[in-house]
Every structure is written in structure tokens, then in C-alpha cells.
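Asks: Dropping in upload-v1.cif, with mmCIF, C-alpha atoms and all ligand atoms.
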```cif
data_my_file
#
loop_
_atom_site.label_atom_id
_atom_site.label_comp_id
_atom_site.auth_asym_id
_atom_site.auth_seq_id
_atom_site.Cartn_x
_atom_site.Cartn_y
_atom_site.Cartn_z
CA MET I 1 84.82 116.14 62.21
CA ALA I 2 84.16 113.56 64.81
CA LEU I 3 81.91 110.64 65.53
CA ARG I 4 79.07 111.36 67.93
CA GLU I 5 77.37 108.93 70.22
CA ILE I 6 74.09 107.67 68.78
CA ARG I 7 71.32 107.72 71.37
CA VAL I 8 69.31 104.52 71.53
CA GLU I 9 65.67 103.79 72.19
CA GLY I 10 64.78 104.42 75.80
CA ASP I 11 66.71 107.71 75.85
CA GLU I 12 63.99 110.27 76.40
CA ILE I 13 65.66 112.83 74.14
CA LEU I 14 64.42 110.71 71.22
CA GLU I 15 60.82 111.47 72.19
CA LYS I 16 61.15 115.23 72.42
CA SER I 17 60.28 117.80 69.77
CA CYS I 18 63.10 119.76 68.18
CA LYS I 19 63.32 123.52 67.93
CA PRO I 20 63.83 125.28 64.60
CA VAL I 21 67.28 126.54 63.68
CA LYS I 22 67.30 130.34 63.64
CA ALA I 23 70.79 130.94 62.31
CA MET I 24 73.66 128.84 61.05
CA THR I 25 76.67 128.84 63.34
CA GLU I 26 80.09 127.24 63.22
CA ARG I 27 78.91 124.91 65.95
CA LEU I 28 75.92 123.75 63.89
CA LYS I 29 78.07 123.33 60.76
CA GLU I 30 80.34 121.10 62.79
CA LEU I 31 77.29 119.19 64.02
CA VAL I 32 76.13 118.54 60.43
CA GLY I 33 79.61 117.33 59.42
CA ASP I 34 79.69 115.06 62.46
CA MET I 35 76.21 113.74 61.66
CA PHE I 36 77.31 112.66 58.17
CA GLU I 37 80.44 111.05 59.55
CA THR I 38 78.46 109.26 62.27
CA MET I 39 75.81 108.11 59.79
CA TYR I 40 78.33 106.72 57.30
CA HIS I 41 80.31 105.05 60.06
CA ALA I 42 77.14 103.27 61.23
CA ASP I 43 76.10 102.32 57.67
CA GLY I 44 72.91 104.35 57.95
CA VAL I 45 71.06 106.23 55.22
CA GLY I 46 69.79 109.00 57.47
CA LEU I 47 70.41 110.59 60.84
CA ALA I 48 68.50 113.25 62.75
CA ALA I 49 70.00 115.69 65.26
CA PRO I 50 68.14 114.31 68.30
CA GLN I 51 69.80 110.94 67.61
CA VAL I 52 73.07 112.58 68.60
CA GLY I 53 71.46 114.45 71.48
CA VAL I 54 70.74 117.80 69.84
CA LEU I 55 67.11 119.01 69.86
CA ARG I 56 67.28 121.04 66.65
CA GLN I 57 65.33 120.54 63.42
CA ILE I 58 68.17 119.11 61.35
CA PHE I 59 68.56 115.80 59.57
CA VAL I 60 70.91 114.37 56.97
CA VAL I 61 70.12 111.72 54.37
CA ASP I 62 72.21 109.80 51.85
CA ILE I 63 70.61 106.67 50.41
CA GLY I 64 73.71 105.90 48.39
CA ASP I 65 72.69 107.39 45.05
CA GLY I 66 75.35 110.08 45.13
CA LYS I 67 73.18 112.80 46.69
CA ARG I 68 73.67 114.13 50.18
CA PHE I 69 70.81 116.01 51.76
CA VAL I 70 71.02 118.42 54.67
CA CYS I 71 67.49 119.37 55.71
CA ILE I 72 67.05 122.18 58.22
CA ASN I 73 63.61 123.21 59.53
CA PRO I 74 62.08 120.80 57.00
CA GLU I 75 58.49 120.28 55.96
CA VAL I 76 57.76 116.88 54.46
CA THR I 77 54.35 116.41 52.86
CA ALA I 78 52.85 113.45 51.07
CA VAL I 79 52.18 113.87 47.35
CA GLY I 80 49.22 111.86 46.12
CA GLU I 81 47.60 108.88 47.76
CA GLU I 82 50.06 106.15 46.84
CA ILE I 83 51.75 104.33 49.70
CA GLN I 84 54.67 101.95 50.15
CA THR I 85 54.89 99.20 52.75
CA GLY I 86 58.30 97.80 53.60
CA GLU I 87 61.05 97.15 56.07
CA GLU I 88 62.53 100.01 58.00
CA GLY I 89 65.24 100.30 60.61
CA CYS I 90 66.81 103.01 62.74
CA LEU I 91 70.32 103.58 64.03
CA SER I 92 68.73 104.27 67.42
CA VAL I 93 67.16 100.79 67.45
CA PRO I 94 70.17 98.69 66.51
CA GLY I 95 69.67 95.18 65.18
CA LYS I 96 65.93 95.56 64.67
CA GLN I 97 63.64 96.18 61.74
CA GLY I 98 59.92 96.40 61.17
CA ILE I 99 57.31 96.91 58.50
CA VAL I 100 56.14 100.50 58.10
CA THR I 101 53.76 102.07 55.59
CA ARG I 102 54.79 105.47 54.23
CA PRO I 103 53.74 107.72 51.37
CA LEU I 104 55.33 106.60 48.09
CA ASN I 105 55.97 110.22 47.08
CA VAL I 106 56.72 113.28 49.18
CA HIS I 107 57.61 116.91 48.67
CA VAL I 108 60.30 118.34 50.92
CA LYS I 109 60.88 122.00 51.70
CA ALA I 110 63.92 122.78 53.81
CA LEU I 111 66.85 125.08 54.36
CA ASP I 112 70.29 123.94 53.28
CA ILE I 113 73.55 124.28 55.22
CA ASN I 114 73.70 127.97 54.19
CA MET I 115 70.11 128.51 55.40
CA GLU I 116 68.99 128.89 51.78
CA PRO I 117 65.53 127.49 51.07
CA TYR I 118 65.27 124.63 48.61
CA GLU I 119 62.69 122.02 47.75
CA PHE I 120 62.48 118.72 45.93
CA ASP I 121 60.32 115.70 45.30
CA ALA I 122 61.31 112.29 46.56
CA SER I 123 59.92 108.83 45.97
CA GLY I 124 60.54 105.27 47.10
CA LEU I 125 63.39 104.74 49.54
CA LEU I 126 64.31 108.43 49.53
CA ALA I 127 60.72 109.38 50.44
CA ARG I 128 60.77 106.76 53.20
CA ALA I 129 64.03 108.16 54.57
CA MET I 130 62.69 111.72 54.50
CA CYS I 131 59.54 110.67 56.42
CA HIS I 132 61.52 108.63 58.94
CA GLU I 133 64.03 111.40 59.67
CA ASN I 134 61.36 114.09 59.76
CA ASP I 135 59.47 112.04 62.36
CA HIS I 136 62.57 112.10 64.59
CA LEU I 137 62.30 115.89 64.73
CA SER I 138 58.86 115.51 66.33
CA GLY I 139 60.05 112.86 68.75
CA VAL I 140 58.34 110.08 66.80
CA MET I 141 60.16 106.76 66.55
CA TYR I 142 59.37 104.40 63.68
CA THR I 143 58.75 101.68 66.25
CA THR I 144 55.42 103.40 67.03
CA LYS I 145 54.38 102.83 63.40
CA VAL I 146 55.51 99.26 62.91
CA GLU I 147 52.88 96.86 61.62
CA GLY I 148 53.16 93.63 63.55
CA GLU I 149 56.26 92.86 65.57
CA LEU I 150 59.74 94.32 65.49
CA GLU I 151 62.09 91.68 64.14
CA ASP I 152 65.77 90.97 64.54
CA VAL I 153 67.76 92.00 61.50
CA ASN I 154 69.22 89.05 59.66
CA TYR I 155 72.46 90.54 58.40
CA GLU I 156 73.12 87.66 56.01
CA ASP I 157 69.80 88.29 54.30
CA LEU I 158 70.59 91.98 54.09
CA GLU I 159 73.74 91.28 52.13
CA GLU I 160 71.95 88.95 49.77
CA THR I 161 69.05 91.29 49.11
CA ASP I 162 71.35 94.25 48.63
CA ASP I 163 70.39 97.64 50.05
CA GLU I 164 66.61 97.60 50.13
CA ASP I 165 66.56 98.43 53.81
CA SER I 166 66.97 101.80 55.38
CA GLU I 167 68.29 102.63 58.76
CA GLY I 168 68.06 106.17 59.90
NI NI Y 201 65.82 106.67 62.85
#
```
Spit out the file's structure as C-alpha cells when you get a sec.

Replies:
Amino acid sequence: MALREIRVEGDEILEKSCKPVKAMTERLKELVGDMFETMYHADGVGLAAPQVGVLRQIFVVDIGDGKRFVCINPEVTAVGEEIQTGEEGCLSVPGKQGIVTRPLNVHVKALDINMEPYEFDASGLLARAMCHENDHLSGVMYTTKVEGELEDVNYEDLEETDDEDSEG
């Protein structure tokens, strides 16, 4: 595995739509391994393939609760009407955060690393991460959804308030 370069806002690849994965290949397996390594190295909780320059419908998520998600060709749908409003960040927009409203609960259908279908419900931070990463696959940056102004991340505050924030 290897670290990949994370594309940052302004790189037009981040605003393009990704194509579905038709078949798993050694190359794509390596990509997924590299995405996890790159995400952990950057202290993120999620990373989508376009963020490392690959326009395929793949993202990885690990919010630190012991579960690692590989979502290929995912569908993320809101469950119910409840929403959550909170701070969000993105590894492609380093040092910034903003307030974004997301569904509180979502249902995710995806293929796993073996191209086997699976599905699950997610709520709270995990639901937020799923929505954020899924948006990347459509070329949608969270900055287009921020309520008010983007703010500079105060890293001291982050440490004090523990891991409420998500960067993906
Ligand atoms: Ni992101």
C-alpha cells in the first residue's frame, strides 16, 4: 500500500461525476487499500476515490468505532425526516470547516470489496460521513452546502471537544 496525493479544492476532478465500477481488479483493490492508508494518515473519517484522482464510484469510511466500510457503486438514501446540523470538514479542503445539515438517518446499499451487495442503516456521524462521501461521487463538495461561512479549524478546540468533527 501507498499514500496517494489528496486533491484539494480547485482541482476540477473534484467536481466531476464518477463512473460505476463494473468489476473488481487488482488495481482497484490496491486503490482501496491506498485510500484507507491515505485517510488514516490524514486523520480523516472518510475518503472518496475522486479525492485521489480516480473517477470511480468508491469511497471508504471509518469513524473510529471499529468498523471499516468500503462502499462501491453506493446508493445513500435518507430514512425519515429527521435532520442533523453540525460541523463538517473535508480532506480536500484542509484547515476549514463549516456547518452542514444532513439527514440524521440513512440507508446505504453498496457493493463490498468482493463486489458482493450489502446494505446497512447509519445514523449520526456515520450517516453524515456516508452522505458527505457519496456527494463526492457526484462531484459535489460540502462547501456548496455550508450554512454561513467556511471557518478556519481551531485545532486546539478539536482536541478539547474530542472527535465530534468529521473530515472526509
Ligand atoms: Ni470530503

Asks: Neighbours of ligand NI 201 (chain Y) at 12 Å or closer, counting only C-alpha atoms and all ligand atoms: which residues, as a short mmCIF file (atom, residue, chain, number, x, y, z; two decimals) with C-alpha atoms, in the frame of the given file?

Replies:
```cif
data_model
loop_
_atom_site.label_atom_id
_atom_site.label_comp_id
_atom_site.auth_asym_id
_atom_site.auth_seq_id
_atom_site.Cartn_x
_atom_site.Cartn_y
_atom_site.Cartn_z
CA ILE I 6 74.09 107.67 68.78
CA ARG I 7 71.32 107.72 71.37
CA VAL I 8 69.31 104.52 71.53
CA GLU I 9 65.67 103.79 72.19
CA LEU I 14 64.42 110.71 71.22
CA GLU I 15 60.82 111.47 72.19
CA MET I 39 75.81 108.11 59.79
CA ALA I 42 77.14 103.27 61.23
CA GLY I 44 72.91 104.35 57.95
CA VAL I 45 71.06 106.23 55.22
CA GLY I 46 69.79 109.00 57.47
CA LEU I 47 70.41 110.59 60.84
CA ALA I 48 68.50 113.25 62.75
CA ALA I 49 70.00 115.69 65.26
CA PRO I 50 68.14 114.31 68.30
CA GLN I 51 69.80 110.94 67.61
CA VAL I 52 73.07 112.58 68.60
CA PHE I 59 68.56 115.80 59.57
CA VAL I 60 70.91 114.37 56.97
CA VAL I 61 70.12 111.72 54.37
CA GLU I 88 62.53 100.01 58.00
CA GLY I 89 65.24 100.30 60.61
CA CYS I 90 66.81 103.01 62.74
CA LEU I 91 70.32 103.58 64.03
CA SER I 92 68.73 104.27 67.42
CA VAL I 93 67.16 100.79 67.45
CA PRO I 94 70.17 98.69 66.51
CA LYS I 96 65.93 95.56 64.67
CA GLN I 97 63.64 96.18 61.74
CA GLY I 98 59.92 96.40 61.17
CA ARG I 128 60.77 106.76 53.20
CA ALA I 129 64.03 108.16 54.57
CA MET I 130 62.69 111.72 54.50
CA CYS I 131 59.54 110.67 56.42
CA HIS I 132 61.52 108.63 58.94
CA GLU I 133 64.03 111.40 59.67
CA ASN I 134 61.36 114.09 59.76
CA ASP I 135 59.47 112.04 62.36
CA HIS I 136 62.57 112.10 64.59
CA LEU I 137 62.30 115.89 64.73
CA SER I 138 58.86 115.51 66.33
CA GLY I 139 60.05 112.86 68.75
CA VAL I 140 58.34 110.08 66.80
CA MET I 141 60.16 106.76 66.55
CA TYR I 142 59.37 104.40 63.68
CA THR I 143 58.75 101.68 66.25
CA THR I 144 55.42 103.40 67.03
CA SER I 166 66.97 101.80 55.38
CA GLU I 167 68.29 102.63 58.76
CA GLY I 168 68.06 106.17 59.90
#
```

Asks: For Glu116 in chain I, which residue among I:Gly10, I:Ile63, I:Pro74, I:Met1 is the nearest when counting only C-alpha atoms?

Replies: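 Nearest to Glu116 in chain I: I:Pro74.
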
Asks: I'd like to know which of I:Asn73, I:Leu28, I:Val153, I:Arg4 is closest to Tyr118 in chain I, using only C-alpha atoms.

Replies: I:Asn73

Asks: Rounded to one decimal in Å, what is the spacing between CA of Gly148 in chain I and CA of Ile99 in chain I?

Replies: 7.3 Å

Asks: Ranking I:Ala78, I:Val70, I:Ile83, I:Cys18 by minimum distance to Arg56 in chain I and counting only C-alpha atoms, which one comes first?

Replies: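 Ranking I:Ala78, I:Val70, I:Ile83, I:Cys18 by distance to Arg56 in chain I, first place goes to I:Cys18.
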
Asks: How many Å separate CA of Lys109 in chain I from CA of Arg68 in chain I?

Replies: 15.1 Å

Asks: Report, in Å to a single decimal, how far apart CA of Glu82 in chain I and CA of Glu151 in chain I are.

Replies: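 According to the coordinates, CA of Glu151 in chain I and CA of Glu82 in chain I are separated by 25.6 Å.
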
Asks: Counting all atoms listed in the file, which residues come within 10 Å of (48.7, 110.3, 46.3), with the point read in the file's coordinates, and could you list them as a PyMOL selection string?

Replies: chain I and resi 78-83+103-106

Asks: Mind writing the picked residues with C-alpha atoms as a JSON list (two decimals), in the coordinates of the input?

Replies:
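And here's result_7.json as it stands now:
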```json
[["chain", "number", "residue", "atom", "x", "y", "z"],
["I", 78, "ALA", "CA", 52.85, 113.45, 51.07],
["I", 79, "VAL", "CA", 52.18, 113.87, 47.35],
["I", 80, "GLY", "CA", 49.22, 111.86, 46.12],
["I", 81, "GLU", "CA", 47.60, 108.88, 47.76],
["I", 82, "GLU", "CA", 50.06, 106.15, 46.84],
["I", 83, "ILE", "CA", 51.75, 104.33, 49.70],
["I", 103, "PRO", "CA", 53.74, 107.72, 51.37],
["I", 104, "LEU", "CA", 55.33, 106.60, 48.09],
["I", 105, "ASN", "CA", 55.97, 110.22, 47.08],
["I", 106, "VAL", "CA", 56.72, 113.28, 49.18]]
```

Asks: Starting from the incomplete input, reconstruct all heavy atoms of range 85-96 of chain I and write that as an mmCIF file, in the frame of the given file.

Replies:
```cif
data_model
loop_
_atom_site.group_PDB
_atom_site.id
_atom_site.type_symbol
_atom_site.label_atom_id
_atom_site.label_comp_id
_atom_site.auth_asym_id
_atom_site.auth_seq_id
_atom_site.Cartn_x
_atom_site.Cartn_y
_atom_site.Cartn_z
ATOM 1 N N THR I 85 54.802 99.970 51.508
ATOM 2 C CA THR I 85 54.890 99.200 52.750
ATOM 3 C C THR I 85 56.152 98.355 52.678
ATOM 4 O O THR I 85 56.335 97.592 51.725
ATOM 5 C CB THR I 85 53.654 98.295 52.917
ATOM 6 O OG1 THR I 85 52.498 99.132 52.994
ATOM 7 C CG2 THR I 85 53.747 97.469 54.189
ATOM 8 N N GLY I 86 57.050 98.549 53.650
ATOM 9 C CA GLY I 86 58.300 97.800 53.600
ATOM 10 C C GLY I 86 59.077 97.883 54.891
ATOM 11 O O GLY I 86 58.641 98.533 55.852
ATOM 12 N N GLU I 87 60.221 97.228 54.877
ATOM 13 C CA GLU I 87 61.050 97.150 56.070
ATOM 14 C C GLU I 87 61.782 98.452 56.332
ATOM 15 O O GLU I 87 62.246 99.118 55.402
ATOM 16 C CB GLU I 87 62.065 96.010 55.932
ATOM 17 C CG GLU I 87 61.459 94.671 56.268
ATOM 18 C CD GLU I 87 62.377 93.519 55.939
ATOM 19 O OE1 GLU I 87 63.496 93.763 55.445
ATOM 20 O OE2 GLU I 87 61.961 92.374 56.163
ATOM 21 N N GLU I 88 61.864 98.783 57.601
ATOM 22 C CA GLU I 88 62.530 100.010 58.000
ATOM 23 C C GLU I 88 63.349 99.711 59.250
ATOM 24 O O GLU I 88 62.990 98.828 60.041
ATOM 25 C CB GLU I 88 61.448 101.064 58.304
ATOM 26 C CG GLU I 88 61.920 102.490 58.187
ATOM 27 C CD GLU I 88 60.746 103.463 58.055
ATOM 28 O OE1 GLU I 88 59.903 103.312 57.149
ATOM 29 O OE2 GLU I 88 60.660 104.380 58.863
ATOM 30 N N GLY I 89 64.429 100.433 59.412
ATOM 31 C CA GLY I 89 65.240 100.300 60.610
ATOM 32 C C GLY I 89 65.678 101.671 61.068
ATOM 33 O O GLY I 89 65.377 102.682 60.424
ATOM 34 N N CYS I 90 66.392 101.718 62.180
ATOM 35 C CA CYS I 90 66.810 103.010 62.740
ATOM 36 C C CYS I 90 68.098 102.802 63.501
ATOM 37 O O CYS I 90 68.228 101.827 64.256
ATOM 38 C CB CYS I 90 65.716 103.528 63.674
ATOM 39 S SG CYS I 90 66.119 105.101 64.448
ATOM 40 N N LEU I 91 69.046 103.706 63.325
ATOM 41 C CA LEU I 91 70.320 103.580 64.030
ATOM 42 C C LEU I 91 70.142 103.652 65.540
ATOM 43 O O LEU I 91 71.007 103.203 66.284
ATOM 44 C CB LEU I 91 71.302 104.654 63.547
ATOM 45 C CG LEU I 91 71.730 104.527 62.077
ATOM 46 C CD1 LEU I 91 72.655 105.676 61.699
ATOM 47 C CD2 LEU I 91 72.400 103.193 61.807
ATOM 48 N N SER I 92 69.006 104.194 65.980
ATOM 49 C CA SER I 92 68.730 104.270 67.420
ATOM 50 C C SER I 92 68.043 103.019 67.949
ATOM 51 O O SER I 92 67.761 102.934 69.151
ATOM 52 C CB SER I 92 67.867 105.504 67.731
ATOM 53 O OG SER I 92 68.593 106.685 67.475
ATOM 54 N N VAL I 93 67.755 102.079 67.040
ATOM 55 C CA VAL I 93 67.160 100.790 67.450
ATOM 56 C C VAL I 93 67.997 99.693 66.792
ATOM 57 O O VAL I 93 67.551 99.018 65.868
ATOM 58 C CB VAL I 93 65.677 100.702 67.024
ATOM 59 C CG1 VAL I 93 65.007 99.503 67.695
ATOM 60 C CG2 VAL I 93 64.919 101.984 67.338
ATOM 61 N N PRO I 94 69.240 99.556 67.238
ATOM 62 C CA PRO I 94 70.170 98.690 66.510
ATOM 63 C C PRO I 94 69.719 97.226 66.480
ATOM 64 O O PRO I 94 69.180 96.715 67.454
ATOM 65 C CB PRO I 94 71.483 98.836 67.294
ATOM 66 C CG PRO I 94 71.124 99.473 68.584
ATOM 67 C CD PRO I 94 69.851 100.221 68.379
ATOM 68 N N GLY I 95 69.937 96.604 65.316
ATOM 69 C CA GLY I 95 69.670 95.180 65.180
ATOM 70 C C GLY I 95 68.216 94.822 64.971
ATOM 71 O O GLY I 95 67.864 93.643 64.932
ATOM 72 N N LYS I 96 67.356 95.835 64.834
ATOM 73 C CA LYS I 96 65.930 95.560 64.670
ATOM 74 C C LYS I 96 65.421 96.161 63.370
ATOM 75 O O LYS I 96 65.992 97.104 62.823
ATOM 76 C CB LYS I 96 65.135 96.186 65.828
ATOM 77 C CG LYS I 96 65.509 95.656 67.189
ATOM 78 C CD LYS I 96 64.943 94.274 67.413
ATOM 79 C CE LYS I 96 65.273 93.759 68.824
ATOM 80 N NZ LYS I 96 64.798 92.392 69.019
#
```
